[in-house]
$ cat protein_39.pdb   # PDB, C-alpha atoms
MODEL        1
ATOM      1  CA  MET A 356      51.542  16.903 122.272  1.00  0.00           C
ATOM      2  CA  GLU A 357      48.326  18.791 121.510  1.00  0.00           C
ATOM      3  CA  GLN A 358      45.522  18.177 119.093  1.00  0.00           C
ATOM      4  CA  SER A 359      43.135  20.962 118.157  1.00  0.00           C
ATOM      5  CA  GLY A 360      40.029  21.103 116.052  1.00  0.00           C
ATOM      6  CA  SER A 361      37.646  23.593 114.521  1.00  0.00           C
ATOM      7  CA  VAL A 362      34.670  22.826 116.764  1.00  0.00           C
ATOM      8  CA  SER A 363      33.898  26.031 118.629  1.00  0.00           C
ATOM      9  CA  LYS A 364      33.636  26.214 122.386  1.00  0.00           C
ATOM     10  CA  ALA A 365      30.107  27.551 122.118  1.00  0.00           C
ATOM     11  CA  ALA A 366      28.663  25.593 119.232  1.00  0.00           C
ATOM     12  CA  GLY A 367      25.158  26.671 120.147  1.00  0.00           C
ATOM     13  CA  GLY A 368      26.026  30.364 120.331  1.00  0.00           C
ATOM     14  CA  GLN A 369      25.362  30.496 124.098  1.00  0.00           C
ATOM     15  CA  GLY A 370      27.202  32.478 126.732  1.00  0.00           C
ATOM     16  CA  ASP A 371      28.940  30.782 129.629  1.00  0.00           C
ATOM     17  CA  PRO A 372      26.428  29.109 131.968  1.00  0.00           C
ATOM     18  CA  SER A 373      26.062  30.589 135.454  1.00  0.00           C
ATOM     19  CA  PHE A 374      27.613  27.493 137.010  1.00  0.00           C
ATOM     20  CA  ALA A 375      30.802  27.739 134.900  1.00  0.00           C
ATOM     21  CA  PRO A 376      32.967  28.866 137.881  1.00  0.00           C
ATOM     22  CA  LEU A 377      32.239  25.530 139.551  1.00  0.00           C
ATOM     23  CA  LEU A 378      33.895  23.834 136.561  1.00  0.00           C
ATOM     24  CA  SER A 379      36.953  26.084 136.475  1.00  0.00           C
ATOM     25  CA  GLY A 380      39.143  23.038 137.107  1.00  0.00           C
ATOM     26  CA  LEU A 381      38.373  21.521 133.717  1.00  0.00           C
ATOM     27  CA  LEU A 382      41.223  21.204 131.257  1.00  0.00           C
ATOM     28  CA  PRO A 383      41.088  22.917 127.832  1.00  0.00           C
ATOM     29  CA  ALA A 384      39.105  20.614 125.566  1.00  0.00           C
ATOM     30  CA  GLU A 385      41.294  21.371 122.555  1.00  0.00           C
ATOM     31  CA  SER A 386      44.446  19.981 124.187  1.00  0.00           C
ATOM     32  CA  VAL A 387      44.956  16.247 124.594  1.00  0.00           C
ATOM     33  CA  THR A 388      47.959  14.174 125.512  1.00  0.00           C
ATOM     34  CA  LEU A 389      49.833  11.812 123.235  1.00  0.00           C
ATOM     35  CA  VAL A 390      48.118   8.443 123.016  1.00  0.00           C
ATOM     36  CA  PRO A 391      50.300   5.453 123.959  1.00  0.00           C
ATOM     37  CA  GLY A 392      51.166   3.355 120.921  1.00  0.00           C
ATOM     38  CA  ASP A 393      49.283   0.324 122.218  1.00  0.00           C
ATOM     39  CA  LEU A 394      45.991   2.192 122.634  1.00  0.00           C
ATOM     40  CA  ARG A 395      43.434   3.801 120.332  1.00  0.00           C
ATOM     41  CA  HIS A 396      42.108   7.282 121.038  1.00  0.00           C
ATOM     42  CA  ALA A 397      38.453   7.575 122.053  1.00  0.00           C
ATOM     43  CA  ALA A 398      36.171  10.193 123.559  1.00  0.00           C
ATOM     44  CA  VAL A 399      33.033  10.256 125.672  1.00  0.00           C
ATOM     45  CA  LEU A 400      30.633  13.133 126.226  1.00  0.00           C
ATOM     46  CA  VAL A 401      29.776  14.172 129.777  1.00  0.00           C
ATOM     47  CA  LEU A 402      26.624  16.096 128.882  1.00  0.00           C
ATOM     48  CA  LEU A 403      25.050  18.422 131.451  1.00  0.00           C
ATOM     49  CA  TYR A 404      21.543  19.782 130.884  1.00  0.00           C
ATOM     50  CA  PRO A 405      18.574  21.106 132.897  1.00  0.00           C
ATOM     51  CA  SER A 406      16.453  18.538 134.716  1.00  0.00           C
ATOM     52  CA  LEU A 407      13.351  19.924 133.005  1.00  0.00           C
ATOM     53  CA  ASP A 408      10.922  18.880 130.291  1.00  0.00           C
ATOM     54  CA  ASP A 409      11.969  18.996 126.629  1.00  0.00           C
ATOM     55  CA  GLY A 410      12.336  22.525 125.341  1.00  0.00           C
ATOM     56  CA  GLU A 411      12.194  24.304 128.715  1.00  0.00           C
ATOM     57  CA  LYS A 412      14.978  26.777 129.303  1.00  0.00           C
ATOM     58  CA  ALA A 413      17.171  26.798 132.369  1.00  0.00           C
ATOM     59  CA  ALA A 414      16.817  29.703 134.788  1.00  0.00           C
ATOM     60  CA  PRO A 415      19.670  32.204 134.430  1.00  0.00           C
ATOM     61  CA  ASP A 416      20.827  31.562 138.007  1.00  0.00           C
ATOM     62  CA  GLN A 417      20.521  27.794 137.819  1.00  0.00           C
ATOM     63  CA  GLU A 418      23.401  25.953 139.450  1.00  0.00           C
ATOM     64  CA  LEU A 419      24.676  22.421 139.113  1.00  0.00           C
ATOM     65  CA  GLU A 420      22.082  21.031 141.499  1.00  0.00           C
ATOM     66  CA  GLY A 421      19.414  21.662 138.857  1.00  0.00           C
ATOM     67  CA  LEU A 422      21.223  19.690 136.163  1.00  0.00           C
ATOM     68  CA  SER A 423      21.368  16.073 135.049  1.00  0.00           C
ATOM     69  CA  LEU A 424      23.935  14.154 133.036  1.00  0.00           C
ATOM     70  CA  LEU A 425      23.290  11.484 130.448  1.00  0.00           C
ATOM     71  CA  LEU A 426      24.329   7.850 130.706  1.00  0.00           C
ATOM     72  CA  ILE A 427      23.458   4.989 128.381  1.00  0.00           C
ATOM     73  CA  GLU A 428      22.872   1.297 128.973  1.00  0.00           C
ATOM     74  CA  ARG A 429      24.113  -1.010 126.241  1.00  0.00           C
ATOM     75  CA  PRO A 430      21.634  -3.609 124.919  1.00  0.00           C
ATOM     76  CA  ALA A 431      21.824  -6.995 126.614  1.00  0.00           C
ATOM     77  CA  THR A 432      22.163  -8.549 123.153  1.00  0.00           C
ATOM     78  CA  GLN A 433      25.178  -6.454 122.160  1.00  0.00           C
ATOM     79  CA  ARG A 434      28.352  -8.404 121.475  1.00  0.00           C
ATOM     80  CA  HIS A 435      30.689  -6.058 123.298  1.00  0.00           C
ATOM     81  CA  HIS A 436      29.921  -4.921 126.870  1.00  0.00           C
ATOM     82  CA  PRO A 437      26.277  -6.140 126.943  1.00  0.00           C
ATOM     83  CA  GLY A 438      24.168  -4.343 129.530  1.00  0.00           C
ATOM     84  CA  GLN A 439      27.012  -2.093 130.598  1.00  0.00           C
ATOM     85  CA  VAL A 440      26.338   1.499 131.637  1.00  0.00           C
ATOM     86  CA  ALA A 441      28.516   4.081 129.897  1.00  0.00           C
ATOM     87  CA  LEU A 442      28.773   7.661 128.742  1.00  0.00           C
ATOM     88  CA  PRO A 443      27.965   8.305 125.069  1.00  0.00           C
ATOM     89  CA  GLY A 444      31.140   7.943 123.049  1.00  0.00           C
ATOM     90  CA  GLY A 445      33.489   5.740 121.101  1.00  0.00           C
ATOM     91  CA  GLY A 446      36.692   5.488 119.131  1.00  0.00           C
ATOM     92  CA  ALA A 447      38.143   8.296 117.047  1.00  0.00           C
ATOM     93  CA  GLU A 448      37.700   8.014 113.285  1.00  0.00           C
ATOM     94  CA  PRO A 449      40.017   9.343 110.542  1.00  0.00           C
ATOM     95  CA  GLY A 450      37.449  11.982 109.538  1.00  0.00           C
ATOM     96  CA  ASP A 451      37.220  13.520 113.025  1.00  0.00           C
ATOM     97  CA  GLU A 452      38.844  16.959 113.097  1.00  0.00           C
ATOM     98  CA  SER A 453      39.489  16.752 116.842  1.00  0.00           C
ATOM     99  CA  ILE A 454      38.684  14.708 119.911  1.00  0.00           C
ATOM    100  CA  ILE A 455      35.791  17.124 120.513  1.00  0.00           C
ATOM    101  CA  ALA A 456      34.437  16.171 117.111  1.00  0.00           C
ATOM    102  CA  THR A 457      34.733  12.500 118.090  1.00  0.00           C
ATOM    103  CA  ALA A 458      32.666  12.991 121.244  1.00  0.00           C
ATOM    104  CA  LEU A 459      29.961  14.988 119.441  1.00  0.00           C
ATOM    105  CA  ARG A 460      29.801  12.600 116.468  1.00  0.00           C
ATOM    106  CA  GLU A 461      29.444   9.572 118.704  1.00  0.00           C
ATOM    107  CA  ALA A 462      26.722  11.262 120.777  1.00  0.00           C
ATOM    108  CA  LYS A 463      24.822  12.088 117.592  1.00  0.00           C
ATOM    109  CA  GLU A 464      25.123   8.516 116.337  1.00  0.00           C
ATOM    110  CA  GLU A 465      24.145   6.923 119.644  1.00  0.00           C
ATOM    111  CA  VAL A 466      21.496   9.206 121.144  1.00  0.00           C
ATOM    112  CA  GLY A 467      20.574  11.572 118.302  1.00  0.00           C
ATOM    113  CA  LEU A 468      22.073  14.626 120.001  1.00  0.00           C
ATOM    114  CA  ASP A 469      22.374  17.686 117.753  1.00  0.00           C
ATOM    115  CA  PRO A 470      26.030  18.790 118.081  1.00  0.00           C
ATOM    116  CA  GLN A 471      25.091  22.367 117.227  1.00  0.00           C
ATOM    117  CA  ILE A 472      23.307  22.874 120.565  1.00  0.00           C
ATOM    118  CA  VAL A 473      26.226  21.673 122.684  1.00  0.00           C
ATOM    119  CA  GLN A 474      28.568  24.151 124.331  1.00  0.00           C
ATOM    120  CA  VAL A 475      31.876  22.446 125.105  1.00  0.00           C
ATOM    121  CA  LEU A 476      33.151  23.597 128.513  1.00  0.00           C
ATOM    122  CA  GLY A 477      36.389  21.623 128.730  1.00  0.00           C
ATOM    123  CA  ARG A 478      37.583  18.123 129.461  1.00  0.00           C
ATOM    124  CA  LEU A 479      38.589  15.837 132.290  1.00  0.00           C
ATOM    125  CA  PRO A 480      41.895  13.951 132.450  1.00  0.00           C
ATOM    126  CA  GLU A 481      42.181  11.060 130.020  1.00  0.00           C
ATOM    127  CA  VAL A 482      41.431   7.553 131.236  1.00  0.00           C
ATOM    128  CA  ARG A 483      43.376   4.499 130.121  1.00  0.00           C
ATOM    129  CA  VAL A 484      41.108   1.502 129.528  1.00  0.00           C
ATOM    130  CA  SER A 485      43.579  -1.255 128.786  1.00  0.00           C
ATOM    131  CA  VAL A 486      40.989  -4.038 128.661  1.00  0.00           C
ATOM    132  CA  SER A 487      39.287  -2.310 125.724  1.00  0.00           C
ATOM    133  CA  GLY A 488      42.454  -0.879 124.198  1.00  0.00           C
ATOM    134  CA  PHE A 489      41.298   2.754 124.463  1.00  0.00           C
ATOM    135  CA  HIS A 490      42.762   6.025 125.724  1.00  0.00           C
ATOM    136  CA  VAL A 491      39.576   7.936 126.570  1.00  0.00           C
ATOM    137  CA  THR A 492      39.142  11.713 126.695  1.00  0.00           C
ATOM    138  CA  PRO A 493      36.023  12.812 128.643  1.00  0.00           C
ATOM    139  CA  VAL A 494      34.671  15.971 126.974  1.00  0.00           C
ATOM    140  CA  VAL A 495      32.327  18.033 129.163  1.00  0.00           C
ATOM    141  CA  GLY A 496      29.466  19.834 127.421  1.00  0.00           C
ATOM    142  CA  TRP A 497      26.280  21.691 128.310  1.00  0.00           C
ATOM    143  CA  THR A 498      22.952  22.493 126.682  1.00  0.00           C
ATOM    144  CA  ALA A 499      20.653  25.309 127.806  1.00  0.00           C
ATOM    145  CA  SER A 500      17.570  23.081 127.637  1.00  0.00           C
ATOM    146  CA  ARG A 501      16.958  19.371 127.892  1.00  0.00           C
ATOM    147  CA  PRO A 502      17.739  17.849 124.457  1.00  0.00           C
ATOM    148  CA  GLN A 503      15.278  15.688 122.563  1.00  0.00           C
ATOM    149  CA  PHE A 504      17.178  12.436 122.521  1.00  0.00           C
ATOM    150  CA  ARG A 505      16.644   9.868 119.763  1.00  0.00           C
ATOM    151  CA  PRO A 506      18.544   6.761 120.862  1.00  0.00           C
ATOM    152  CA  ASN A 507      19.859   4.320 118.277  1.00  0.00           C
ATOM    153  CA  ALA A 508      18.202   1.022 119.229  1.00  0.00           C
ATOM    154  CA  THR A 509      21.085  -1.050 117.871  1.00  0.00           C
ATOM    155  CA  GLU A 510      23.548   0.629 120.246  1.00  0.00           C
ATOM    156  CA  ILE A 511      21.394   1.780 123.164  1.00  0.00           C
ATOM    157  CA  GLY A 512      19.232  -0.355 125.426  1.00  0.00           C
ATOM    158  CA  ARG A 513      17.906   2.637 127.344  1.00  0.00           C
ATOM    159  CA  LEU A 514      18.870   6.142 128.425  1.00  0.00           C
ATOM    160  CA  LEU A 515      19.684   6.844 132.059  1.00  0.00           C
ATOM    161  CA  GLU A 516      19.566  10.365 133.466  1.00  0.00           C
ATOM    162  CA  MET A 517      21.537  11.031 136.645  1.00  0.00           C
ATOM    163  CA  PRO A 518      20.744  14.175 138.649  1.00  0.00           C
ATOM    164  CA  LEU A 519      23.980  15.888 139.595  1.00  0.00           C
ATOM    165  CA  SER A 520      22.585  16.473 143.071  1.00  0.00           C
ATOM    166  CA  ARG A 521      22.475  12.699 143.510  1.00  0.00           C
ATOM    167  CA  LEU A 522      25.961  12.197 142.094  1.00  0.00           C
ATOM    168  CA  MET A 523      27.302  14.754 144.575  1.00  0.00           C
ATOM    169  CA  GLU A 524      25.737  13.082 147.621  1.00  0.00           C
ATOM    170  CA  PRO A 525      28.465  11.928 150.049  1.00  0.00           C
ATOM    171  CA  GLY A 526      29.003   8.203 149.703  1.00  0.00           C
ATOM    172  CA  TYR A 527      26.908   7.785 146.562  1.00  0.00           C
ATOM    173  CA  LEU A 528      30.014   6.952 144.547  1.00  0.00           C
ATOM    174  CA  ARG A 529      31.644   4.337 146.725  1.00  0.00           C
ATOM    175  CA  GLU A 530      35.034   2.671 146.596  1.00  0.00           C
ATOM    176  CA  ALA A 531      35.134  -0.989 145.635  1.00  0.00           C
ATOM    177  CA  PRO A 532      37.906  -3.606 145.554  1.00  0.00           C
ATOM    178  CA  ALA A 533      39.885  -3.486 142.338  1.00  0.00           C
ATOM    179  CA  PRO A 534      39.612  -6.706 140.326  1.00  0.00           C
ATOM    180  CA  GLU A 535      42.693  -8.861 140.019  1.00  0.00           C
ATOM    181  CA  GLY A 536      45.033  -7.591 137.331  1.00  0.00           C
ATOM    182  CA  ALA A 537      43.492  -4.088 137.251  1.00  0.00           C
ATOM    183  CA  SER A 538      45.801  -1.204 136.327  1.00  0.00           C
ATOM    184  CA  VAL A 539      44.382   0.969 139.148  1.00  0.00           C
ATOM    185  CA  ARG A 540      44.346   0.399 142.879  1.00  0.00           C
ATOM    186  CA  THR A 541      40.947   1.931 143.578  1.00  0.00           C
ATOM    187  CA  VAL A 542      37.732   1.565 141.606  1.00  0.00           C
ATOM    188  CA  TYR A 543      34.382   3.241 142.116  1.00  0.00           C
ATOM    189  CA  GLU A 544      30.778   2.221 141.664  1.00  0.00           C
ATOM    190  CA  CYS A 545      27.217   3.377 142.263  1.00  0.00           C
ATOM    191  CA  ASP A 546      23.685   2.241 141.470  1.00  0.00           C
ATOM    192  CA  LEU A 547      21.274   4.005 139.141  1.00  0.00           C
ATOM    193  CA  GLU A 548      17.788   2.810 138.253  1.00  0.00           C
ATOM    194  CA  GLY A 549      18.590  -0.726 139.289  1.00  0.00           C
ATOM    195  CA  VAL A 550      21.876  -1.073 137.397  1.00  0.00           C
ATOM    196  CA  ARG A 551      25.498  -0.812 138.484  1.00  0.00           C
ATOM    197  CA  VAL A 552      27.686   2.003 137.217  1.00  0.00           C
ATOM    198  CA  TRP A 553      31.347   1.029 137.460  1.00  0.00           C
ATOM    199  CA  GLY A 554      34.654   0.863 135.610  1.00  0.00           C
ATOM    200  CA  ALA A 555      35.943   3.793 133.569  1.00  0.00           C
ATOM    201  CA  THR A 556      32.526   5.481 133.639  1.00  0.00           C
ATOM    202  CA  ALA A 557      32.413   5.613 137.440  1.00  0.00           C
ATOM    203  CA  ARG A 558      36.041   6.769 137.487  1.00  0.00           C
ATOM    204  CA  ILE A 559      35.185   9.676 135.178  1.00  0.00           C
ATOM    205  CA  LEU A 560      32.172  10.610 137.319  1.00  0.00           C
ATOM    206  CA  PHE A 561      34.336  10.537 140.440  1.00  0.00           C
ATOM    207  CA  THR A 562      36.807  12.936 138.813  1.00  0.00           C
ATOM    208  CA  LEU A 563      33.915  15.228 137.849  1.00  0.00           C
ATOM    209  CA  THR A 564      32.740  15.385 141.471  1.00  0.00           C
ATOM    210  CA  ASN A 565      36.251  16.367 142.565  1.00  0.00           C
ATOM    211  CA  VAL A 566      36.341  19.195 140.001  1.00  0.00           C
ATOM    212  CA  ILE A 567      32.960  20.477 141.169  1.00  0.00           C
ATOM    213  CA  ARG A 568      33.881  20.344 144.871  1.00  0.00           C
ATOM    214  CA  ALA A 569      37.153  22.168 144.216  1.00  0.00           C
ATOM    215  CA  GLY A 570      35.321  24.833 142.234  1.00  0.00           C
ATOM    216  CA  ASP A 571      32.740  25.213 144.997  1.00  0.00           C
ATOM    217  CA  GLU A 572      35.481  25.788 147.572  1.00  0.00           C
ATOM    218  CA  GLN A 573      37.087  28.472 145.401  1.00  0.00           C
ATOM    219  CA  ASN A 574      33.799  30.292 144.855  1.00  0.00           C
TER     220      ASN A 574
ENDMDL
END

$ encode --input "protein_39.pdb" --output "structure tokens"
Amino acid sequence: MEQSGSVSKAAGGQGDPSFAPLLSGLLPAESVTLVPGDLRHAAVLVLLYPSLDDGEKAAPDQELEGLSLLLIERPATQRHHPGQVALPGGGAEPGDESIIATALREAKEEVGLDPQIVQVLGRLPEVRVSVSGFHVTPVVGWTASRPQFRPNATEIGRLLEMPLSRLMEPGYLREAPAPEGASVRTVYECDLEGVRVWGATARILFTLTNVIRAGDEQN
């Protein structure tokens, strides 16, 4: 079953970035699978942007090594998942026209990201997070310059920026023993700015690295 929305692929009116061939393995963002009846649909935004100062434009030939992606750390005082590192995102709402709209709305609410500057490139496979009751669609987007983030203090403890070059380092994302009762056999984790990145977030990042490596081999 597919769900489509009116959010354009190039919301910011940009052409395809030069590194787009490396992401050729992404799935069409407009198509999502049927959500199991016991789960609620959610989306996160995997946002790629130049590792430059605010307002600076990326070089036309810039590749993935010159990009960062945004992670957030939840406040230690938050009731749900205190101190946990995540991608911007949350549950779908009745007013969302598509799962893309969910990802962009949540990113605006959490980090002040203007959805109009985001070019949606595709999505990664959905992730089932049974402990939270969510079926999560990771939407991959890109901005031509580093956005001016305005984090919502009630939802965000701090912003964490991960250089893609670091994410792609062999062994940076390491396998870890799956906790008892987990629905997956293998889990992943890494460390960023003194905090642990794990769970569904690390799983999504691991899938992203596989897409990039496959695209690199093809090009």

$ atom_distance --input "protein_39.pdb" --atom1 "CA of Gln474 (chain A)" --atom2 "CA of Leu402 (chain A)"
9.5 Å

$ atom_distance --input "protein_39.pdb" --atom1 "CA of Ile511 (chain A)" --atom2 "CA of Thr541 (chain A)"
28.3 Å

$ atom_distance --input "protein_39.pdb" --atom1 "CA of Val550 (chain A)" --atom2 "CA of Ala462 (chain A)"
21.3 Å

$ resolve_selection --input "protein_39.pdb" --expression "the PyMOL selection byres ((chain A and resi 481) around 9)" --output "list in words"
Val387, Thr388, Ala398, Arg478, Leu479, Pro480, Val482, Arg483, His490, Val491, Thr492, Pro493 and Ile559 of chain A

$ closest_residue --input "protein_39.pdb" --among "A:Glu544, A:Leu560, A:Ala555, A:Asn565" --to "Pro532 (chain A)" --atoms "all atoms listed in the file"
A:Glu544

$ residues_around --input "protein_39.pdb" --residues "Gly477 (chain A)" --least-positions-apart "4" --cutoff "8 Å" --atoms "all atoms listed in the file" --output "number ranges by chain"
A: 381-385, 494-496

$ write_last_selection --input "protein_39.pdb" --atoms "C-alpha atoms" --output "short mmCIF file (atom, residue, chain, number, x, y, z; two decimals), keeping the file's coordinate frame"
data_model
loop_
_atom_site.label_atom_id
_atom_site.label_comp_id
_atom_site.auth_asym_id
_atom_site.auth_seq_id
_atom_site.Cartn_x
_atom_site.Cartn_y
_atom_site.Cartn_z
CA LEU A 381 38.37 21.52 133.72
CA LEU A 382 41.22 21.20 131.26
CA PRO A 383 41.09 22.92 127.83
CA ALA A 384 39.10 20.61 125.57
CA GLU A 385 41.29 21.37 122.56
CA VAL A 494 34.67 15.97 126.97
CA VAL A 495 32.33 18.03 129.16
CA GLY A 496 29.47 19.83 127.42
#

$ resolve_selection --input "protein_39.pdb" --expression "the PyMOL selection byres ((chain A and resi 440) around 12)" --output "MDAnalysis selection string"
chainID A and resid 425:431 436:439 441:444 510:517 544:557

$ residues_around --input "protein_39.pdb" --residues "Gly488 (chain A)" --least-positions-apart "3" --cutoff "10 Å" --atoms "all atoms listed in the file" --output "PDB file with C-alpha atoms, in the frame of the given file"
ATOM      1  CA  ASP A 393      49.283   0.324 122.218  1.00  0.00           C
ATOM      2  CA  LEU A 394      45.991   2.192 122.634  1.00  0.00           C
ATOM      3  CA  ARG A 395      43.434   3.801 120.332  1.00  0.00           C
ATOM      4  CA  HIS A 396      42.108   7.282 121.038  1.00  0.00           C
ATOM      5  CA  ALA A 397      38.453   7.575 122.053  1.00  0.00           C
ATOM      6  CA  GLY A 446      36.692   5.488 119.131  1.00  0.00           C
ATOM      7  CA  ARG A 483      43.376   4.499 130.121  1.00  0.00           C
ATOM      8  CA  VAL A 484      41.108   1.502 129.528  1.00  0.00           C
ATOM      9  CA  SER A 485      43.579  -1.255 128.786  1.00  0.00           C
ATOM     10  CA  VAL A 491      39.576   7.936 126.570  1.00  0.00           C
TER      11      VAL A 491
END

$ closest_residue --input "protein_39.pdb" --among "A:Val542, A:Val473, A:Ala508, A:Ala375" --to "Leu528 (chain A)" --atoms "all atoms listed in the file"
A:Val542

$ closest_residue --input "protein_39.pdb" --among "A:Tyr543, A:Phe489, A:Phe504, A:Trp497" --to "Leu422 (chain A)" --atoms "only C-alpha atoms"
A:Trp497

$ closest_residue --input "protein_39.pdb" --among "A:Glu448, A:Glu420, A:Asp469, A:Glu461" --to "Leu519 (chain A)" --atoms "only C-alpha atoms"
A:Glu420

$ residues_around --input "protein_39.pdb" --residues "Met523 (chain A)" --least-positions-apart "2" --cutoff "9 Å" --atoms "all atoms listed in the file" --output "VMD selection string"
chain A and resid 420 518 to 521 525 to 528 564 567 to 568

$ closest_residue --input "protein_39.pdb" --among "A:Pro449, A:Tyr404, A:Ala531, A:Leu468" --to "Arg558 (chain A)" --atoms "only C-alpha atoms"
A:Ala531

$ residues_near_point --input "protein_39.pdb" --point "(25.2, 20.0, 113.7)" --cutoff "10 Å" --atoms "all atoms listed in the file" --output "list in words"
Ala366, Gly367, Leu459, Arg460, Lys463, Leu468, Asp469, Pro470, Gln471, Ile472 and Val473 of chain A

$ residues_near_point --input "protein_39.pdb" --point "(17.9, 3.3, 114.5)" --cutoff "10 Å" --atoms "only C-alpha atoms" --output "VMD selection string"
chain A and resid 464 to 467 505 to 511

$ decode --input "protein_39.pdb" --residues "region 458-486 of chain A" --atoms "C-alpha atoms" --output "PDB file, in the first residue's frame"
ATOM      1  CA  ALA A 458       9.109  14.484   8.941  1.00  0.00           C
ATOM      2  CA  LEU A 459       9.298  18.140   7.868  1.00  0.00           C
ATOM      3  CA  ARG A 460       6.678  19.296  10.391  1.00  0.00           C
ATOM      4  CA  GLU A 461       8.424  17.553  13.256  1.00  0.00           C
ATOM      5  CA  ALA A 462      11.808  18.994  12.242  1.00  0.00           C
ATOM      6  CA  LYS A 463      10.291  22.477  12.163  1.00  0.00           C
ATOM      7  CA  GLU A 464       8.723  22.009  15.590  1.00  0.00           C
ATOM      8  CA  GLU A 465      11.843  20.536  17.179  1.00  0.00           C
ATOM      9  CA  VAL A 466      14.773  22.391  15.611  1.00  0.00           C
ATOM     10  CA  GLY A 467      13.159  25.309  13.766  1.00  0.00           C
ATOM     11  CA  LEU A 468      14.054  23.974  10.320  1.00  0.00           C
ATOM     12  CA  ASP A 469      12.333  25.775   7.440  1.00  0.00           C
ATOM     13  CA  PRO A 470      10.711  22.988   5.368  1.00  0.00           C
ATOM     14  CA  GLN A 471      10.878  25.132   2.240  1.00  0.00           C
ATOM     15  CA  ILE A 472      14.679  24.824   2.028  1.00  0.00           C
ATOM     16  CA  VAL A 473      14.715  21.029   2.257  1.00  0.00           C
ATOM     17  CA  GLN A 474      15.047  18.906  -0.860  1.00  0.00           C
ATOM     18  CA  VAL A 475      13.702  15.419  -0.168  1.00  0.00           C
ATOM     19  CA  LEU A 476      15.947  12.820  -1.832  1.00  0.00           C
ATOM     20  CA  GLY A 477      14.151   9.627  -0.828  1.00  0.00           C
ATOM     21  CA  ARG A 478      13.749   7.370   2.165  1.00  0.00           C
ATOM     22  CA  LEU A 479      15.314   4.413   3.911  1.00  0.00           C
ATOM     23  CA  PRO A 480      13.442   1.221   4.816  1.00  0.00           C
ATOM     24  CA  GLU A 481      10.976   1.592   7.667  1.00  0.00           C
ATOM     25  CA  VAL A 482      12.043   0.602  11.163  1.00  0.00           C
ATOM     26  CA  ARG A 483       9.742  -1.110  13.638  1.00  0.00           C
ATOM     27  CA  VAL A 484      10.192   0.235  17.169  1.00  0.00           C
ATOM     28  CA  SER A 485       7.942  -2.022  19.194  1.00  0.00           C
ATOM     29  CA  VAL A 486       8.978  -0.626  22.577  1.00  0.00           C
TER      30      VAL A 486
END
